[in-house]
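Q: Starting off with a structure, shown below.
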Amino acid sequence: MALDTETGIAQYDAPEKDLYEIGEMPPLGYVPKKMYAWNIRRERHGEPDQSFKQEVVDTWEIDSHEVLVLVMAAGVNYNGVWAGLGKPISPFDVHKQDYHIAGSDASGIVWKVGDKVKNWKVGDEVVIHCNQDDGDDEECNGGDPMFSPTQRIWGYETGDGSFAQFTRVQAQQLMPRPKHLTWEESACYTLTLATAYRMLFGHHPHELKPGQNVLVWGASGGLGSYAIQLANTAGANAIGVISDESKRDFVMAQGAKGVINRKDFKCWGQLPTVNTPEYNEWLKEARKFGKAIWDITGKGVNVDMVFEHPGEATFPVSTLIVKKGGIVVICAGTSGFNCTFDVRYMWMHQKRLQGSHFANLKQAASANRLMCERRLDPCMSEVFPWAEIPDAHMKMLRNEHKPGNMSVLVQAPTTGLRTFEDALAARG
Ligand SMILES: C/C=C/C(=O)SCCNC(=O)CCNC(=O)[C@H](O)C(C)(C)COP(=O)(O)OP(=O)(O)OC[C@H]1O[C@@H](n2cnc3c(N)ncnc32)[C@H](O)[C@@H]1OP(=O)(O)O
Ligand SMILES: NC(=O)C1=CN([C@@H]2O[C@H](COP(=O)(O)OP(=O)(O)OC[C@H]3O[C@@H](n4cnc5c(N)ncnc54)[C@H](OP(=O)(O)O)[C@@H]3O)[C@@H](O)[C@H]2O)C=CC1
């Protein structure tokens, strides 16, 4: 075998078959005709325990710039919940495939490469970022690929995600896997970490700077747990928000300067009409929340940035309490999309509102390097077996999941394994 095709993986015995059981390993680089997948179908749209069903489907063919990856573990994200619900949009209206395989995070092994793929070879251990584009427009060539008309999220706006034995990705989606982490730890972080990275550092001139203060909603959640850690890498102060005291220690342990429990306040939901008694009541309560921030930052010190994703429930407060000239960066509307705010504070205090969506490769790769250099904790909360993929999503939908990011095992036969050889040995 030529040196440049050397996989570094010792030969092992495995039969060539058309379908393998979950955790059963085909010969390296051998692609079975069929694979197991958790499929969403249009007629099943609803909560994850209804919309996700295990089926056997054809294994993907790949194009010249694509890569087939054997999925060792997959990450659980909110977009799996949205895809299952079919809300606010159905993924079938985007990709037109008959079934949708969700899953926008994975760790795995390169199993087959298209003939134009130069940077990856069979046997490479990788993590996958979820941004795809066609690569040939002006935003992809001198602009920002996140503004490309062809920009799409793998496993949400494409139907070939990671809740299957094999997934099909563009070669540019692959990044080196942190070797110190297990398969499941490596699978849990890329989507939320890269999104948080762009939100905090991707919107010039409002990159979070040393000494600045940022308010982080959902600080124990997927996005929030990395936002707190990333703020620390920049020398900034993060103030985390939680809804349950059981999460306080976790958020402080990620490096927050302070933590506020949103259940202690009553200013959530859409803004009441300005200058009504209800508005005055809301303002009093919102200022009480603002003072709770001052208790952490110092009297009169408002935050430079708000890290927003709950949306409708928190947006009026976010836009009120951010400082003059500060920025609210928002990437979601988990609690609702009808965000309201008192525009007087926006213009008089010259605040900015910035939408943010996932990350380009440079941002995802920078975030991944921090993980590879052990400067971030993956904060994996729980690992589920393959059979419990719908249950993990149900927990997320109900906001009953533990702090951090969840993972599921796919081809990794058990937890705690750090290499392909470990996985082969664990087959027994
Ligand atoms: C990494 C992880 C990320 C996440 O988890 S994010 C959370 C999960 N994701 C979501 O929730 C996705 C949310 N996405 C959406 O809800 C929708 O995705 C949008 C609301 C963002 C956009 O939807 P719509 O309006 O249907 O798409 P249009 O492409 O903007 O427009 C469709 C039609 O409107 C026409 N149009 C667009 N701009 C104009 C204009 N300025 N004047 C007149 N017409 C316009 C187009 O041409 C087209 O029409 P024609 O369908 O007939 O071709
Ligand atoms: N555009 C993009 O690129 C991306 C968008 N997203 C979106 O961001 C959202 C959050 O994702 P993720 O962090 O992974 O999810 P998680 O569920 O892990 O964390 C979200 C946190 O938000 C808090 N929260 C929930 N409801 C409310 C509410 N009504 N008011 C205030 N806080 C609330 C909860 O914390 P607590 O109850 O303790 O306050 C929860 O832990 C999802 O909608 C997801 O689709 C995610 C990644 C990328």
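Numbering starts fresh at 1 for the residues of each chain in the structure tokens, the chains themselves are lettered A, B, ... in the order given, and ligands are numbered from 1 as they appear.
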Could you find all residues in region 90-264 of chain A that DSSP calls alpha helix (DSSP H) from the backbone, and write them as number ranges by chain?

A: A: 92-95, 183-187, 190-201, 222-233, 248-253

Q: Using the selection just defined, write its residues with N, CA and C atoms as a short mmCIF file (atom, residue, chain, number, x, y, z; two decimals), in the first residue's frame.

A:
data_model
loop_
_atom_site.label_atom_id
_atom_site.label_comp_id
_atom_site.auth_asym_id
_atom_site.auth_seq_id
_atom_site.Cartn_x
_atom_site.Cartn_y
_atom_site.Cartn_z
N PHE A 92 -39.11 18.56 4.34
CA PHE A 92 -39.47 17.97 3.03
C PHE A 92 -39.78 19.04 1.99
N ASP A 93 -40.13 20.26 2.46
CA ASP A 93 -40.34 21.35 1.50
C ASP A 93 -39.02 21.94 1.03
N VAL A 94 -37.94 21.56 1.71
CA VAL A 94 -36.62 22.08 1.32
C VAL A 94 -35.90 21.08 0.42
N HIS A 95 -35.79 19.80 0.89
CA HIS A 95 -34.93 18.88 0.12
C HIS A 95 -35.68 17.90 -0.78
N TRP A 183 -15.54 8.95 21.45
CA TRP A 183 -16.37 9.16 20.26
C TRP A 183 -17.60 9.99 20.59
N GLU A 184 -18.22 9.68 21.73
CA GLU A 184 -19.47 10.37 22.07
C GLU A 184 -19.21 11.82 22.49
N GLU A 185 -18.10 12.05 23.18
CA GLU A 185 -17.78 13.45 23.53
C GLU A 185 -17.49 14.26 22.27
N SER A 186 -16.77 13.64 21.32
CA SER A 186 -16.43 14.39 20.09
C SER A 186 -17.66 14.69 19.25
N ALA A 187 -18.70 13.87 19.43
CA ALA A 187 -19.90 14.05 18.59
C ALA A 187 -20.83 15.14 19.10
N THR A 190 -19.93 20.22 18.08
CA THR A 190 -19.57 21.13 16.98
C THR A 190 -20.68 22.13 16.64
N LEU A 191 -21.91 21.68 16.53
CA LEU A 191 -22.98 22.59 16.09
C LEU A 191 -23.15 23.76 17.05
N THR A 192 -23.31 23.45 18.33
CA THR A 192 -23.58 24.55 19.26
C THR A 192 -22.31 25.37 19.51
N LEU A 193 -21.16 24.72 19.55
CA LEU A 193 -19.92 25.47 19.80
C LEU A 193 -19.63 26.45 18.67
N ALA A 194 -19.72 25.98 17.43
CA ALA A 194 -19.40 26.87 16.30
C ALA A 194 -20.43 28.00 16.20
N THR A 195 -21.69 27.70 16.51
CA THR A 195 -22.72 28.76 16.49
C THR A 195 -22.40 29.81 17.54
N ALA A 196 -22.05 29.37 18.74
CA ALA A 196 -21.72 30.32 19.81
C ALA A 196 -20.48 31.13 19.44
N TYR A 197 -19.52 30.50 18.77
CA TYR A 197 -18.28 31.20 18.36
C TYR A 197 -18.61 32.36 17.42
N ARG A 198 -19.44 32.08 16.40
CA ARG A 198 -19.79 33.16 15.45
C ARG A 198 -20.59 34.25 16.16
N MET A 199 -21.51 33.85 17.04
CA MET A 199 -22.33 34.86 17.73
C MET A 199 -21.45 35.81 18.54
N LEU A 200 -20.46 35.25 19.21
CA LEU A 200 -19.63 36.09 20.10
C LEU A 200 -18.53 36.84 19.35
N PHE A 201 -17.94 36.19 18.33
CA PHE A 201 -16.73 36.75 17.71
C PHE A 201 -16.86 37.05 16.22
N GLY A 222 -27.08 23.82 25.43
CA GLY A 222 -26.06 23.50 24.44
C GLY A 222 -25.26 24.73 24.04
N LEU A 223 -25.95 25.76 23.55
CA LEU A 223 -25.27 26.99 23.15
C LEU A 223 -24.65 27.68 24.35
N GLY A 224 -25.44 27.78 25.44
CA GLY A 224 -25.03 28.59 26.59
C GLY A 224 -23.76 28.07 27.26
N SER A 225 -23.64 26.74 27.36
CA SER A 225 -22.47 26.21 28.09
C SER A 225 -21.17 26.55 27.34
N TYR A 226 -21.24 26.62 25.98
CA TYR A 226 -20.03 27.03 25.24
C TYR A 226 -19.86 28.55 25.23
N ALA A 227 -20.99 29.29 25.23
CA ALA A 227 -20.87 30.75 25.24
C ALA A 227 -20.11 31.19 26.50
N ILE A 228 -20.42 30.57 27.63
CA ILE A 228 -19.73 30.92 28.88
C ILE A 228 -18.23 30.61 28.75
N GLN A 229 -17.92 29.43 28.25
CA GLN A 229 -16.51 29.05 28.14
C GLN A 229 -15.76 29.92 27.13
N LEU A 230 -16.42 30.21 25.99
CA LEU A 230 -15.76 31.04 24.96
C LEU A 230 -15.53 32.46 25.48
N ALA A 231 -16.50 32.98 26.24
CA ALA A 231 -16.32 34.33 26.80
C ALA A 231 -15.05 34.35 27.66
N ASN A 232 -14.82 33.27 28.38
CA ASN A 232 -13.60 33.19 29.20
C ASN A 232 -12.33 33.16 28.37
N THR A 233 -12.37 32.47 27.23
CA THR A 233 -11.15 32.43 26.40
C THR A 233 -10.80 33.84 25.91
N ARG A 248 -27.18 25.93 38.71
CA ARG A 248 -26.30 27.05 39.07
C ARG A 248 -24.82 26.62 39.13
N ASP A 249 -24.54 25.53 39.84
CA ASP A 249 -23.14 25.12 40.03
C ASP A 249 -22.50 24.77 38.70
N PHE A 250 -23.28 24.11 37.82
CA PHE A 250 -22.75 23.74 36.50
C PHE A 250 -22.30 25.00 35.75
N VAL A 251 -23.16 26.03 35.76
CA VAL A 251 -22.85 27.25 34.99
C VAL A 251 -21.65 27.98 35.61
N MET A 252 -21.60 28.03 36.93
CA MET A 252 -20.44 28.67 37.59
C MET A 252 -19.16 27.88 37.24
N ALA A 253 -19.28 26.55 37.18
CA ALA A 253 -18.10 25.72 36.88
C ALA A 253 -17.59 25.94 35.45
#

Q: List as a VMD selection string the protein and nucleic acid residues lying within 7 Å of ligand 2, with only C-alpha atoms and all ligand atoms counted.

A: chain A and resid 77 to 79 191 to 192 195 217 to 224 241 to 244 247 262 309 to 310 313 to 314 331 to 335 356 to 358 396 399 403 to 405

Q: Per residue of region 36-99 of chain A within 12 Å of region 177-182 of chain A, what are the shortest atom pair and its distance in Å to one decimal, counting only C-alpha atoms, with rows by chain and residue number, as a tab-separated table?

A:
residue	atom	partner	partner_atom	distance
A:Met72	CA	A:Thr182	CA	10.0
A:Ala73	CA	A:Thr182	CA	9.4
A:Ala74	CA	A:Thr182	CA	11.9

Q: Give me, as a ChimeraX atom specification, all polymer residues having an atom no more than 12 Å from Val274 (chain A), counting only C-alpha atoms and skipping those fewer than 4 positions away in the same chain.

A: /A:270,278-283,316,340-345

Q: Using the selection just defined, write its residues with N, CA and C atoms as a compact mmCIF listing (two decimals), in the first residue's frame.

A:
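Contents of again-v8.txt, freshly written:
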# COMPACT_ATOMS: atom_id res chain seq x y z
N GLN A 270 -44.22 38.70 25.35
CA GLN A 270 -44.26 39.90 24.51
C GLN A 270 -44.41 41.17 25.34
N GLU A 278 -49.87 47.87 32.43
CA GLU A 278 -49.17 46.58 32.28
C GLU A 278 -47.71 46.80 31.88
N TYR A 279 -47.52 47.80 31.00
CA TYR A 279 -46.15 48.12 30.57
C TYR A 279 -45.34 48.61 31.77
N ASN A 280 -45.95 49.49 32.55
CA ASN A 280 -45.22 50.04 33.70
C ASN A 280 -44.81 48.93 34.67
N GLU A 281 -45.72 47.98 34.85
CA GLU A 281 -45.44 46.83 35.72
C GLU A 281 -44.28 46.01 35.15
N TRP A 282 -44.36 45.77 33.81
CA TRP A 282 -43.30 45.00 33.12
C TRP A 282 -41.95 45.70 33.29
N LEU A 283 -41.96 47.06 33.10
CA LEU A 283 -40.70 47.81 33.15
C LEU A 283 -40.06 47.71 34.54
N PRO A 316 -37.84 41.30 24.68
CA PRO A 316 -38.07 42.68 25.15
C PRO A 316 -37.07 43.06 26.24
N THR A 340 -40.83 41.17 20.30
CA THR A 340 -41.28 42.57 20.40
C THR A 340 -40.26 43.35 21.23
N PHE A 341 -40.22 44.65 21.03
CA PHE A 341 -39.34 45.48 21.87
C PHE A 341 -39.76 46.93 21.80
N ASP A 342 -39.32 47.70 22.78
CA ASP A 342 -39.61 49.13 22.84
C ASP A 342 -38.53 49.85 22.03
N VAL A 343 -38.92 50.29 20.85
CA VAL A 343 -37.92 50.82 19.90
C VAL A 343 -37.25 52.11 20.39
N ARG A 344 -37.87 52.79 21.36
CA ARG A 344 -37.25 54.04 21.85
C ARG A 344 -35.86 53.75 22.41
N TYR A 345 -35.77 52.62 23.12
CA TYR A 345 -34.46 52.27 23.70
C TYR A 345 -33.46 51.89 22.62

Q: Where does DSSP see strand (DSSP E or B) in region 100-341 of chain A, if you list the residues as number ranges by chain?

A: A: 100-101, 106-113, 125-128, 131-132, 152-153, 160, 164, 166-170, 174-176, 213-216, 237-242, 258-261, 303-308, 322-330

Q: Rounded to one decimal in Å, what is the spacing between CA of Glu388 (chain A) and CA of Val127 (chain A)?

A: 21.7 Å

Q: Between A:Gln212, A:Gln132, A:Gln354, A:Gln11, single out the one closest to ligand 1, counting only C-alpha atoms and all ligand atoms.

A: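 Using only C-alpha atoms and all ligand atoms, ligand 1 sits closest to A:Gln132.
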
Q: Can you work out which one of A:Val117, A:Leu85, A:Leu271, A:Val383 has the shortest atom-to-atom distance to ligand 1, counting only C-alpha atoms and all ligand atoms?

A: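 Among A:Val117, A:Leu85, A:Leu271, A:Val383, it is A:Leu85 that comes nearest to ligand 1.
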
Q: Near region 289-300 of chain A, within 12 Å and counting only C-alpha atoms, which residues show up once chain neighbours fewer than 3 positions away are dropped, as a ChimeraX atom specification?

A: /A:211-216,236-241,256-268,282-286,303-304,306,314,317-324

Q: What is the CA of Tyr20 (chain A)-CA of Ile109 (chain A) distance in Å, reported with one decimal?

A: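 Those two atoms sit 16.0 Å apart.
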
Q: Separation of CA of Trp38 (chain A) and CA of Phe163 (chain A), in Å?

A: 5.7 Å

Q: Between A:Arg287, A:Lys87, A:His45, A:His206, which is the closest to ligand 1 once you count only C-alpha atoms and all ligand atoms?

A: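 Distance minimum relative to ligand 1 lands on A:Lys87.
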
Q: Which polymer residues have any atom within 12 Å of an atom of Trp120 (chain A), counting only C-alpha atoms, with same-chain residues fewer than 5 positions away left out, as a PDB file with C-alpha atoms, in the first residue's frame?

A:
ATOM      1  CA  ASP A   4      -0.097   8.300   1.293  1.00  0.00           C
ATOM      2  CA  THR A   5      -2.973   5.806   1.352  1.00  0.00           C
ATOM      3  CA  GLU A   6      -1.814   4.108   4.538  1.00  0.00           C
ATOM      4  CA  THR A   7      -4.793   4.201   6.905  1.00  0.00           C
ATOM      5  CA  HIS A  65     -16.502  16.220  -3.742  1.00  0.00           C
ATOM      6  CA  GLU A  66     -18.341  14.215  -1.120  1.00  0.00           C
ATOM      7  CA  VAL A  67     -17.317  11.809   1.612  1.00  0.00           C
ATOM      8  CA  LEU A  68     -19.145   8.860   3.167  1.00  0.00           C
ATOM      9  CA  VAL A  69     -18.538   8.735   6.921  1.00  0.00           C
ATOM     10  CA  ILE A 109     -14.453   7.465  10.311  1.00  0.00           C
ATOM     11  CA  VAL A 110     -13.957   8.404   6.673  1.00  0.00           C
ATOM     12  CA  TRP A 111     -15.239   5.316   4.806  1.00  0.00           C
ATOM     13  CA  LYS A 112     -15.223   6.381   1.137  1.00  0.00           C
ATOM     14  CA  VAL A 113     -14.072   9.550  -0.647  1.00  0.00           C
ATOM     15  CA  GLY A 114     -15.164  11.090  -3.946  1.00  0.00           C
ATOM     16  CA  ASP A 115     -12.484  11.229  -6.643  1.00  0.00           C
ATOM     17  CA  GLU A 125     -11.114  10.062  12.335  1.00  0.00           C
ATOM     18  CA  VAL A 126     -13.233  13.196  12.023  1.00  0.00           C
ATOM     19  CA  GLN A 170     -19.139  17.608   1.622  1.00  0.00           C
ATOM     20  CA  ALA A 171     -15.388  17.179   2.139  1.00  0.00           C
ATOM     21  CA  GLN A 172     -15.131  20.748   3.492  1.00  0.00           C
ATOM     22  CA  GLN A 173     -17.413  19.727   6.402  1.00  0.00           C
ATOM     23  CA  LEU A 174     -14.768  17.461   7.920  1.00  0.00           C
ATOM     24  CA  MET A 175     -12.490  18.569  10.736  1.00  0.00           C
ATOM     25  CA  PRO A 176      -9.939  16.607  12.773  1.00  0.00           C
TER      26      PRO A 176
END

Q: For a quick check of understanding, using only C-alpha atoms, which of A:Ile40, A:Ile153, A:Leu70, A:Ala102 has the smallest distance to Ala359 (chain A)?

A: A:Ile153
